[in-house]
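Reviewing the structure listed below.
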Amino acid sequence: MAHAASAAAHKTVTSGPYDHAGAGVYARHRGLQRGVLEAVLAQCRESCADTVLEVGCGTAMHLRAVREATGCTCWGVDPSPAMLGGCAAGSAGLHLCRARAEDLPLRAAWIDLVYSVDVVHHLRDLDTAFDEMARVLRPGGVLLTATDSEATIRARPLLSGYFPETVPHELARYPAIGRLESAHAQHGLEIVDAFVVEHPYVLTDVRPFRERAYSCLHLISADALAVGVARLERDLPLATVSRNYVIVARRQGANRGRL
Ligand SMILES: C[S@@+](CC[C@H](N)C(=O)[O-])C[C@H]1O[C@@H](n2cnc3c(N)ncnc32)[C@H](O)[C@@H]1O
């Protein structure tokens with residue numbers, strides 16, 4: 001199924017979700033996932049974090065909010081220059097750089113909290129990325145991963161409800177929760193909590209869907225997109241909800257304090 005999904009994607013993709021045009025669409029149409037942000041802020045408080053890293057920070061909208069709410073020193077990495085290019089460069093306490101999760105340009109054992117939002121399904125090598133995220137965390141530090149489970153993918157009211165052709169692609173590219181659990185265990189990360197967060201909102205504008213601000217909309221045909229957009233447009237305004245599956249883990253090992 002994964003092979004069929006990627007072959008179909010190859011035929012229909014007209015531009016990348018995170019290339020220059022895609023990054024502009026993302027910056028215009030994607031907003032903060034407030035449930036995820038609250039979960040990150042709660043972990044900052046509970047672990048008395050001073051140093052935070054967002055892996056796959058994109059336009060850095062979550063990282064900026066974390067910096068503003070906590071005053072933590074924040075680092076963000078992302079491989080897409082276009083996504084990073086949309087961020088106002090270099091504000092105090094906020095450091096952004098072009099890098100992949102699989103090769104983090106940071107020294108070992110000094111970050112208090114590492115998190116990612118909607119990134120693990122993009123990773124080329126999940127195990128190397130988890131190894132890297134564990135490496136940069138201080139012992140006792142926290143890793144928070146916001147992703148989707150099979151259940152949250154199938155229950156997406158908009159993407160799965162109006163664009164059902166996205167579902168097999170998403171199930172093929174998102175790592176199953178069991179696979180993520182073993183990646184944690186293999187890299188000395190003890191899962192301490194897992195839960196679903198919700199962000200209810202009212203959709204009033206169909207453009208995020210028409211302009212493919214969600215990467216899975218790059219994986220379906222133009223016809224399927226047009227049918228879903230027309231149905232969605234008829235139903236606006238529409239009260240809806242976005243959900244994320246959140247995993248919180250702690251790096252095992254003696255807590256040697258902040259290095
Ligand atoms: C859905 S966007 C999420 C961006 C950001 N976390 C947010 O919530 O707005 C996914 C991001 O993952 C980044 N990405 C793709 N492959 C990656 C990798 N191997 N390591 C780190 N980030 C990656 C993409 O460039 C993109 O910015």
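To be explicit about the labels: the chains of the structure tokens are called A, B, and onward in the order shown, and within each one the residues are counted from 1, while ligands get numbers from 1 in the order they are shown.
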Once you count only C-alpha atoms and all ligand atoms, what closest atom pair and distance in Å to one decimal does each residue of chain A within 6 Å of ligand 1 have, with rows by chain and rising residue number, as CSV?
residue,atom,partner,partner_atom_place_in_ligand_line,distance
A:Tyr18,CA,ligand 1,25 (O),5.6
A:Val55,CA,ligand 1,21 (C),5.5
A:Gly56,CA,ligand 1,22 (N),3.3
A:Cys57,CA,ligand 1,6 (N),4.1
A:Gly58,CA,ligand 1,27 (O),3.4
A:Thr59,CA,ligand 1,9 (O),6.0
A:Met61,CA,ligand 1,9 (O),5.9
A:Asp78,CA,ligand 1,22 (N),4.6
A:Pro79,CA,ligand 1,25 (O),5.2
A:Ser80,CA,ligand 1,25 (O),4.5
A:Met83,CA,ligand 1,27 (O),5.7
A:Arg100,CA,ligand 1,20 (N),3.6
A:Ala101,CA,ligand 1,20 (N),3.9
A:Ser116,CA,ligand 1,6 (N),5.9
A:Val117,CA,ligand 1,6 (N),4.3
A:Asp118,CA,ligand 1,1 (C),4.8
A:Val119,CA,ligand 1,12 (O),4.6
A:His122,CA,ligand 1,16 (N),4.7
A:Leu123,CA,ligand 1,19 (N),4.2
A:Arg124,CA,ligand 1,19 (N),5.6
Written selection (C-alpha atoms) as a PDB file, in the first residue's frame:
ATOM      1  CA  TYR A  18       7.413  22.967   1.828  1.00  0.00           C
ATOM      2  CA  VAL A  55      12.523  19.732  15.519  1.00  0.00           C
ATOM      3  CA  GLY A  56      10.894  20.506  12.144  1.00  0.00           C
ATOM      4  CA  CYS A  57       9.843  23.956  13.316  1.00  0.00           C
ATOM      5  CA  GLY A  58       8.710  25.087   9.839  1.00  0.00           C
ATOM      6  CA  THR A  59       7.700  28.739  10.039  1.00  0.00           C
ATOM      7  CA  MET A  61       4.897  29.714  14.793  1.00  0.00           C
ATOM      8  CA  ASP A  78      14.037  22.553   9.775  1.00  0.00           C
ATOM      9  CA  PRO A  79      15.488  21.326   6.467  1.00  0.00           C
ATOM     10  CA  SER A  80      13.342  23.631   4.310  1.00  0.00           C
ATOM     11  CA  MET A  83       9.788  27.386   5.596  1.00  0.00           C
ATOM     12  CA  ARG A 100      17.238  17.559   9.703  1.00  0.00           C
ATOM     13  CA  ALA A 101      16.100  15.689  12.793  1.00  0.00           C
ATOM     14  CA  SER A 116       7.926  18.218  17.307  1.00  0.00           C
ATOM     15  CA  VAL A 117       4.537  19.017  15.785  1.00  0.00           C
ATOM     16  CA  ASP A 118       3.323  17.125  12.690  1.00  0.00           C
ATOM     17  CA  VAL A 119       6.839  16.066  11.693  1.00  0.00           C
ATOM     18  CA  HIS A 122       8.170  13.280   7.197  1.00  0.00           C
ATOM     19  CA  LEU A 123      11.299  11.757   8.720  1.00  0.00           C
ATOM     20  CA  ARG A 124      13.559   9.797   6.398  1.00  0.00           C
TER      21      ARG A 124
END
Please identify the strand (DSSP E or B) residues within segment 37-259 of chain A (assignment by DSSP from backbone atoms) and present them as an NGL selection string. :A and (51-55 or 73-78 or 94-98 or 111-117 or 137-147 or 189-203 or 238-251)
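Among A:Asp223, A:Val206, A:Leu159, A:Ala194, the residue with the shortest atom-to-atom distance to Thr145 of chain A, counting only C-alpha atoms, is A:Ala194.
Residue nearest Leu203 of chain A within the list A:Gly16, A:Pro175, A:Gly93, A:Gly31: A:Gly31 [criterion: smallest interatomic distance, only C-alpha atoms].
Using only C-alpha atoms, the shortest contact distance between His184 of chain A and any of A:Glu132, A:Asp112, A:Glu38, A:Asp50 is found at A:Glu132.
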Near-Glu190 of chain A list (12 Å; only C-alpha atoms; drop same-chain fewer than 5 positions) as a ChimeraX atom specification: /A:134,139-144,180-185,247-253
Write the residues you've just listed into a file as a JSON list (two decimals), in the first residue's frame, and include N, CA and C atoms for each of them.
[["chain", "number", "residue", "atom", "x", "y", "z"],
["A", 134, "ALA", "N", 17.27, 12.07, 21.51],
["A", 134, "ALA", "CA", 17.69, 11.59, 22.84],
["A", 134, "ALA", "C", 19.09, 12.11, 23.18],
["A", 139, "PRO", "N", 19.81, 14.27, 30.64],
["A", 139, "PRO", "CA", 19.16, 13.18, 31.36],
["A", 139, "PRO", "C", 17.99, 13.74, 32.17],
["A", 140, "GLY", "N", 16.85, 13.08, 32.10],
["A", 140, "GLY", "CA", 15.65, 13.59, 32.77],
["A", 140, "GLY", "C", 14.87, 14.59, 31.92],
["A", 141, "GLY", "N", 15.46, 15.02, 30.79],
["A", 141, "GLY", "CA", 14.77, 15.97, 29.91],
["A", 141, "GLY", "C", 13.58, 15.32, 29.21],
["A", 142, "VAL", "N", 12.73, 16.16, 28.62],
["A", 142, "VAL", "CA", 11.43, 15.69, 28.10],
["A", 142, "VAL", "C", 11.41, 15.77, 26.58],
["A", 143, "LEU", "N", 10.87, 14.70, 25.96],
["A", 143, "LEU", "CA", 10.58, 14.71, 24.52],
["A", 143, "LEU", "C", 9.08, 14.66, 24.34],
["A", 144, "LEU", "N", 8.53, 15.64, 23.62],
["A", 144, "LEU", "CA", 7.08, 15.66, 23.35],
["A", 144, "LEU", "C", 6.89, 15.56, 21.83],
["A", 180, "LEU", "N", 6.26, 4.10, 17.04],
["A", 180, "LEU", "CA", 6.84, 5.23, 17.80],
["A", 180, "LEU", "C", 7.21, 4.78, 19.21],
["A", 181, "GLU", "N", 6.35, 3.94, 19.81],
["A", 181, "GLU", "CA", 6.66, 3.46, 21.17],
["A", 181, "GLU", "C", 7.97, 2.69, 21.15],
["A", 182, "SER", "N", 8.19, 1.83, 20.12],
["A", 182, "SER", "CA", 9.46, 1.10, 20.14],
["A", 182, "SER", "C", 10.64, 2.02, 19.85],
["A", 183, "ALA", "N", 10.46, 3.04, 19.03],
["A", 183, "ALA", "CA", 11.58, 3.97, 18.78],
["A", 183, "ALA", "C", 11.97, 4.66, 20.09],
["A", 184, "HIS", "N", 10.98, 5.03, 20.92],
["A", 184, "HIS", "CA", 11.30, 5.63, 22.22],
["A", 184, "HIS", "C", 12.12, 4.64, 23.06],
["A", 185, "ALA", "N", 11.60, 3.41, 23.18],
["A", 185, "ALA", "CA", 12.25, 2.42, 24.06],
["A", 185, "ALA", "C", 13.68, 2.16, 23.61],
["A", 247, "ILE", "N", 2.59, 12.30, 22.62],
["A", 247, "ILE", "CA", 3.38, 11.36, 23.45],
["A", 247, "ILE", "C", 4.41, 12.17, 24.23],
["A", 248, "VAL", "N", 4.44, 11.95, 25.54],
["A", 248, "VAL", "CA", 5.43, 12.64, 26.39],
["A", 248, "VAL", "C", 6.36, 11.58, 26.96],
["A", 249, "ALA", "N", 7.66, 11.81, 26.80],
["A", 249, "ALA", "CA", 8.64, 10.84, 27.29],
["A", 249, "ALA", "C", 9.76, 11.57, 28.02],
["A", 250, "ARG", "N", 10.46, 10.80, 28.84],
["A", 250, "ARG", "CA", 11.55, 11.37, 29.62],
["A", 250, "ARG", "C", 12.84, 10.62, 29.28],
["A", 251, "ARG", "N", 13.90, 11.36, 29.08],
["A", 251, "ARG", "CA", 15.17, 10.68, 28.82],
["A", 251, "ARG", "C", 15.66, 10.01, 30.07],
["A", 252, "GLN", "N", 15.90, 8.70, 29.97],
["A", 252, "GLN", "CA", 16.34, 7.97, 31.14],
["A", 252, "GLN", "C", 17.80, 8.27, 31.45],
["A", 253, "GLY", "N", 18.18, 7.93, 32.66],
["A", 253, "GLY", "CA", 19.57, 8.19, 33.08],
["A", 253, "GLY", "C", 19.54, 9.15, 34.25]]
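Interatomic distance, atom CA of Leu96 of chain A to atom CA of Val66 of chain A: 13.8 Å.
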Excluding Asp148 of chain A and its own-chain neighbours fewer than 2 positions away, which residues fall within 7 Å of it when counting only C-alpha atoms? Please give them as a ChimeraX atom specification. /A:150,152-153,244-245
Separation of atom CA of Thr204 of chain A and atom CA of Leu238 of chain A, in Å? 6.7 Å
One residue among A:Tyr115, A:Phe163, A:Tyr174, A:Tyr214 is nearest to Phe130 of chain A when using only C-alpha atoms, and that residue is A:Tyr115
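Interatomic distance, atom CA of Arg210 of chain A to atom CA of His62 of chain A: 23.9 Å.
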Show which residues sit within 12 Å of Gly71 of chain A, as a PDB file with C-alpha atoms, in the first residue's frame. Count only C-alpha atoms, and ignore same-chain residues fewer than 2 positions away.
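Produced file around18.pdb, reproduced below:
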ATOM      1  CA  LEU A  41       3.800  24.895  27.758  1.00  0.00           C
ATOM      2  CA  CYS A  44       7.962  23.585  30.079  1.00  0.00           C
ATOM      3  CA  ARG A  45       6.432  24.442  33.450  1.00  0.00           C
ATOM      4  CA  CYS A  48      11.306  23.953  34.747  1.00  0.00           C
ATOM      5  CA  ALA A  49      12.755  24.159  31.240  1.00  0.00           C
ATOM      6  CA  ASP A  50      15.251  26.859  30.289  1.00  0.00           C
ATOM      7  CA  THR A  51      16.248  25.425  26.904  1.00  0.00           C
ATOM      8  CA  VAL A  52      13.781  24.213  24.252  1.00  0.00           C
ATOM      9  CA  LEU A  63       8.349  28.046  18.795  1.00  0.00           C
ATOM     10  CA  ARG A  64       7.732  31.776  18.773  1.00  0.00           C
ATOM     11  CA  ALA A  65       4.673  31.288  20.998  1.00  0.00           C
ATOM     12  CA  VAL A  66       6.728  29.113  23.377  1.00  0.00           C
ATOM     13  CA  ARG A  67       9.439  31.775  23.533  1.00  0.00           C
ATOM     14  CA  GLU A  68       6.887  34.521  24.232  1.00  0.00           C
ATOM     15  CA  ALA A  69       5.031  32.529  26.909  1.00  0.00           C
ATOM     16  CA  THR A  73      15.991  30.048  25.109  1.00  0.00           C
ATOM     17  CA  CYS A  74      14.567  28.383  22.009  1.00  0.00           C
ATOM     18  CA  ALA A  92      16.666  37.494  20.920  1.00  0.00           C
ATOM     19  CA  GLY A  93      16.466  34.052  22.506  1.00  0.00           C
ATOM     20  CA  LEU A  94      15.178  32.391  19.328  1.00  0.00           C
TER      21      LEU A  94
END
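Across A:Ile191, A:Val197, A:Ala99, A:Val114, the tightest approach to Glu54 of chain A is made by A:Val114 when counting only C-alpha atoms.
You can rank A:Leu232, A:Val196, A:Ala224, A:Ala172 by their closest distance to Pro208 of chain A using only C-alpha atoms, and at the top of that list sits A:Leu232.
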Could you give me, as a list in words, the residues within 12 Å of Asp235 of chain A, counting only C-alpha atoms and dropping anything in the same chain fewer than 4 positions from it? Leu158, Tyr162, Val202, Leu203, Thr204, Asp205, Val206, Gly228, Val229, Ala230, Arg231, Ala239 and Thr240 of chain A
